[in-house]
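Source file my_file25.cif; content: mmCIF, C-alpha atoms.
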data_run
#
loop_
_atom_site.label_atom_id
_atom_site.label_comp_id
_atom_site.auth_asym_id
_atom_site.auth_seq_id
_atom_site.Cartn_x
_atom_site.Cartn_y
_atom_site.Cartn_z
CA MET A 1 6.54 -5.84 -28.79
CA LYS A 2 7.37 -2.14 -28.69
CA PHE A 3 4.57 0.22 -27.70
CA THR A 4 4.37 3.99 -27.92
CA ALA A 5 1.77 6.32 -26.47
CA ASP A 6 0.11 6.35 -29.91
CA THR A 7 0.08 2.55 -30.34
CA TRP A 8 -0.92 1.67 -26.78
CA PRO A 9 -3.92 -0.74 -27.00
CA LYS A 10 -6.28 1.05 -24.63
CA ASP A 11 -9.12 -1.34 -25.47
CA ARG A 12 -7.02 -4.42 -24.63
CA TRP A 13 -5.45 -3.10 -21.41
CA PRO A 14 -7.83 -0.32 -20.35
CA ASN A 15 -6.61 -0.14 -16.76
CA PHE A 16 -2.96 0.45 -17.58
CA SER A 17 -1.23 3.25 -19.43
CA HIS A 18 1.82 3.44 -21.64
CA LYS A 19 3.33 5.95 -19.23
CA GLU A 20 3.16 3.66 -16.18
CA MET A 21 4.50 0.64 -18.10
CA ALA A 22 7.36 2.42 -19.93
CA CYS A 23 10.94 2.51 -18.66
CA SER A 24 11.39 5.39 -16.21
CA HIS A 25 14.99 5.76 -17.41
CA CYS A 26 14.58 6.05 -21.19
CA GLY A 27 10.85 5.95 -21.94
CA ASP A 28 10.97 2.82 -24.11
CA CYS A 29 8.15 0.34 -23.65
CA TYR A 30 8.70 -3.25 -24.78
CA LEU A 31 6.08 -5.56 -23.30
CA ASN A 32 5.07 -9.16 -23.70
CA SER A 33 1.39 -9.22 -24.62
CA ALA A 34 0.66 -12.46 -22.73
CA MET A 35 2.11 -10.97 -19.54
CA MET A 36 -0.05 -7.87 -19.98
CA ASP A 37 -3.14 -10.00 -20.64
CA ASN A 38 -2.47 -11.86 -17.37
CA LEU A 39 -2.03 -8.55 -15.55
CA GLN A 40 -5.27 -7.14 -16.98
CA ASP A 41 -7.08 -10.32 -15.91
CA ILE A 42 -5.84 -9.86 -12.33
CA ARG A 43 -6.93 -6.21 -12.44
CA ASN A 44 -10.40 -7.22 -13.64
CA LYS A 45 -10.76 -9.57 -10.67
CA SER A 46 -8.99 -7.59 -7.93
CA GLY A 47 -9.77 -3.94 -8.59
CA PRO A 48 -7.26 -1.10 -9.03
CA LEU A 49 -3.54 -1.89 -9.11
CA THR A 50 -0.63 0.53 -8.89
CA VAL A 51 2.31 -0.37 -11.12
CA THR A 52 5.61 0.80 -9.66
CA SER A 53 7.82 -0.75 -12.32
CA GLY A 54 7.02 -2.19 -15.74
CA TYR A 55 9.54 -2.40 -18.55
CA ARG A 56 13.15 -1.48 -17.73
CA CYS A 57 15.78 -0.99 -20.42
CA PRO A 58 19.16 -2.69 -19.88
CA HIS A 59 20.63 0.75 -19.01
CA HIS A 60 18.13 1.41 -16.20
CA PRO A 61 20.11 1.93 -12.94
CA VAL A 62 18.39 -1.01 -11.22
CA GLU A 63 19.35 -3.34 -14.08
CA VAL A 64 22.91 -2.03 -14.43
CA ALA A 65 23.51 -2.90 -10.76
CA LYS A 66 22.67 -6.59 -11.39
CA ASP A 67 25.00 -9.36 -12.51
CA ARG A 68 22.74 -9.92 -15.52
CA PRO A 69 19.59 -8.19 -16.77
CA GLY A 70 16.46 -9.19 -14.91
CA ALA A 71 12.93 -10.11 -15.96
CA HIS A 72 11.84 -6.48 -16.39
CA THR A 73 14.22 -6.04 -19.37
CA SER A 74 12.31 -8.78 -21.22
CA GLY A 75 8.98 -6.98 -20.92
CA LYS A 76 7.64 -9.98 -19.03
CA ALA A 77 7.63 -8.50 -15.51
CA VAL A 78 5.84 -5.93 -13.43
CA ASP A 79 5.97 -4.73 -9.82
CA ILE A 80 2.68 -3.88 -8.12
CA ALA A 81 2.42 -1.73 -4.97
CA VAL A 82 0.12 -3.80 -2.81
CA ASP A 83 0.00 -4.98 0.78
CA ARG A 84 -1.90 -6.91 3.38
CA GLU A 85 -5.29 -8.36 2.34
CA LYS A 86 -5.05 -7.10 -1.23
CA ALA A 87 -1.55 -8.58 -1.57
CA TYR A 88 -3.00 -11.93 -0.54
CA ARG A 89 -5.82 -11.67 -3.12
CA VAL A 90 -3.44 -10.60 -5.91
CA LEU A 91 -1.00 -13.37 -4.99
CA LYS A 92 -3.74 -16.00 -5.23
CA LEU A 93 -4.77 -14.68 -8.65
CA ALA A 94 -1.16 -14.44 -9.87
CA LEU A 95 -0.55 -18.13 -9.23
CA GLY A 96 -2.77 -18.86 -12.23
CA GLY A 97 -0.73 -17.05 -14.87
CA PHE A 98 2.61 -15.88 -13.55
CA GLN A 99 5.67 -18.13 -13.20
CA GLY A 100 7.85 -15.85 -11.07
CA ILE A 101 6.45 -14.19 -7.97
CA GLY A 102 8.53 -12.02 -5.67
CA VAL A 103 7.19 -10.83 -2.35
CA LYS A 104 8.19 -7.78 -0.32
CA GLN A 105 5.66 -7.38 2.45
CA HIS A 106 7.61 -5.76 5.27
CA GLY A 107 8.50 -2.17 6.02
CA GLU A 108 8.03 0.64 3.53
CA GLY A 109 7.45 0.06 -0.16
CA ARG A 110 5.56 -3.22 -0.02
CA PHE A 111 4.98 -4.85 -3.40
CA LEU A 112 4.61 -8.01 -5.44
CA HIS A 113 6.83 -8.76 -8.43
CA LEU A 114 5.03 -10.80 -11.11
CA ASP A 115 6.67 -12.27 -14.20
CA THR A 116 6.05 -14.77 -16.98
CA MET A 117 9.68 -15.82 -17.46
CA THR A 118 10.41 -19.49 -18.15
CA LYS A 119 13.34 -21.87 -17.94
CA ASP A 120 13.84 -21.22 -21.67
CA ASP A 121 14.43 -17.55 -20.78
CA GLY A 122 17.25 -18.66 -18.49
CA PHE A 123 15.36 -18.22 -15.22
CA PRO A 124 14.43 -21.07 -12.86
CA ARG A 125 10.65 -21.12 -13.05
CA PRO A 126 8.15 -21.57 -11.53
CA THR A 127 9.47 -19.88 -8.42
CA LEU A 128 8.45 -17.85 -5.42
CA PHE A 129 11.05 -15.58 -3.83
CA SER A 130 11.26 -12.86 -1.20
CA TYR A 131 13.14 -9.59 -1.07
CA PRO A 132 15.41 -8.74 1.89
#
Please rewrite the model in this file as structure tokens.
Amino acid sequence: MKFTADTWPKDRWPNFSHKEMACSHCGDCYLNSAMMDNLQDIRNKSGPLTVTSGYRCPHHPVEVAKDRPGAHTSGKAVDIAVDREKAYRVLKLALGGFQGIGVKQHGEGRFLHLDTMTKDDGFPRPTLFSYP
């Protein structure tokens, strides 16, 4: 579903903003509501979360560099800047509602990728993967 700053459901996802979830390349914001509900549930249980990447349009530089568009272009994925103990807590919570979990927990820029993609979306799920 497409969201704008004016249609953002602040009461449903009070801890996230349209600005942080919109594509940093074009400003569009197409999000899957079930994914966002799962994310809000994790936020309710874990405390503050910093979104580093929400929706990405197919023309976003990160997506253009891929062989095929990734989960972020579907509106079913989010990257959260989190590390150490909090990463462990968020990971445990994510296992209840997310089908794709990517882990980058070394060096600078540690994060967790969470998505609700399925086999029907053309992605092998459930899966856990790591970033180099």
Written as a VMD selection string, which residues does the PyMOL selection byres ((chain A and resi 36-50) around 8) give for the file shown? chain A and resid 12 to 13 15 to 16 31 to 35 51 to 52 80 to 82 86 89 to 90 93 to 94 97 to 98
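Counting only C-alpha atoms, the residue from A:Ser17, A:Thr116, A:Thr127, A:Ser53 that sits nearest to A:Lys76 is A:Thr116.
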Name the residues captured by the PyMOL selection byres ((chain A and resi 107-114) around 8) when it is applied to the shown file; answer as a ChimeraX atom specification. /A:77-83,87,91,94,98-106,115-116
Those same residues, written as an mmCIF file, in the coordinates of the input with C-alpha atoms?
data_model
loop_
_atom_site.group_PDB
_atom_site.id
_atom_site.type_symbol
_atom_site.label_atom_id
_atom_site.label_comp_id
_atom_site.auth_asym_id
_atom_site.auth_seq_id
_atom_site.Cartn_x
_atom_site.Cartn_y
_atom_site.Cartn_z
ATOM 1 C CA ALA A 77 7.630 -8.500 -15.510
ATOM 2 C CA VAL A 78 5.840 -5.930 -13.430
ATOM 3 C CA ASP A 79 5.970 -4.730 -9.820
ATOM 4 C CA ILE A 80 2.680 -3.880 -8.120
ATOM 5 C CA ALA A 81 2.420 -1.730 -4.970
ATOM 6 C CA VAL A 82 0.120 -3.800 -2.810
ATOM 7 C CA ASP A 83 0.000 -4.980 0.780
ATOM 8 C CA ALA A 87 -1.550 -8.580 -1.570
ATOM 9 C CA LEU A 91 -1.000 -13.370 -4.990
ATOM 10 C CA ALA A 94 -1.160 -14.440 -9.870
ATOM 11 C CA PHE A 98 2.610 -15.880 -13.550
ATOM 12 C CA GLN A 99 5.670 -18.130 -13.200
ATOM 13 C CA GLY A 100 7.850 -15.850 -11.070
ATOM 14 C CA ILE A 101 6.450 -14.190 -7.970
ATOM 15 C CA GLY A 102 8.530 -12.020 -5.670
ATOM 16 C CA VAL A 103 7.190 -10.830 -2.350
ATOM 17 C CA LYS A 104 8.190 -7.780 -0.320
ATOM 18 C CA GLN A 105 5.660 -7.380 2.450
ATOM 19 C CA HIS A 106 7.610 -5.760 5.270
ATOM 20 C CA ASP A 115 6.670 -12.270 -14.200
ATOM 21 C CA THR A 116 6.050 -14.770 -16.980
#
As an exercise, work out the distance from atom CA of A:Ser74 to atom CA of A:Cys23 in Å and give it to one decimal place. 11.7 Å
Enter the distance from atom CA of A:Asp28 to atom CA of A:Pro61, in Å, rounded to one decimal. 14.5 Å
By how many Å are atom CA of A:Pro124 and atom CA of A:Phe3 apart?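 Here the two named atoms are 27.8 Å from each other.
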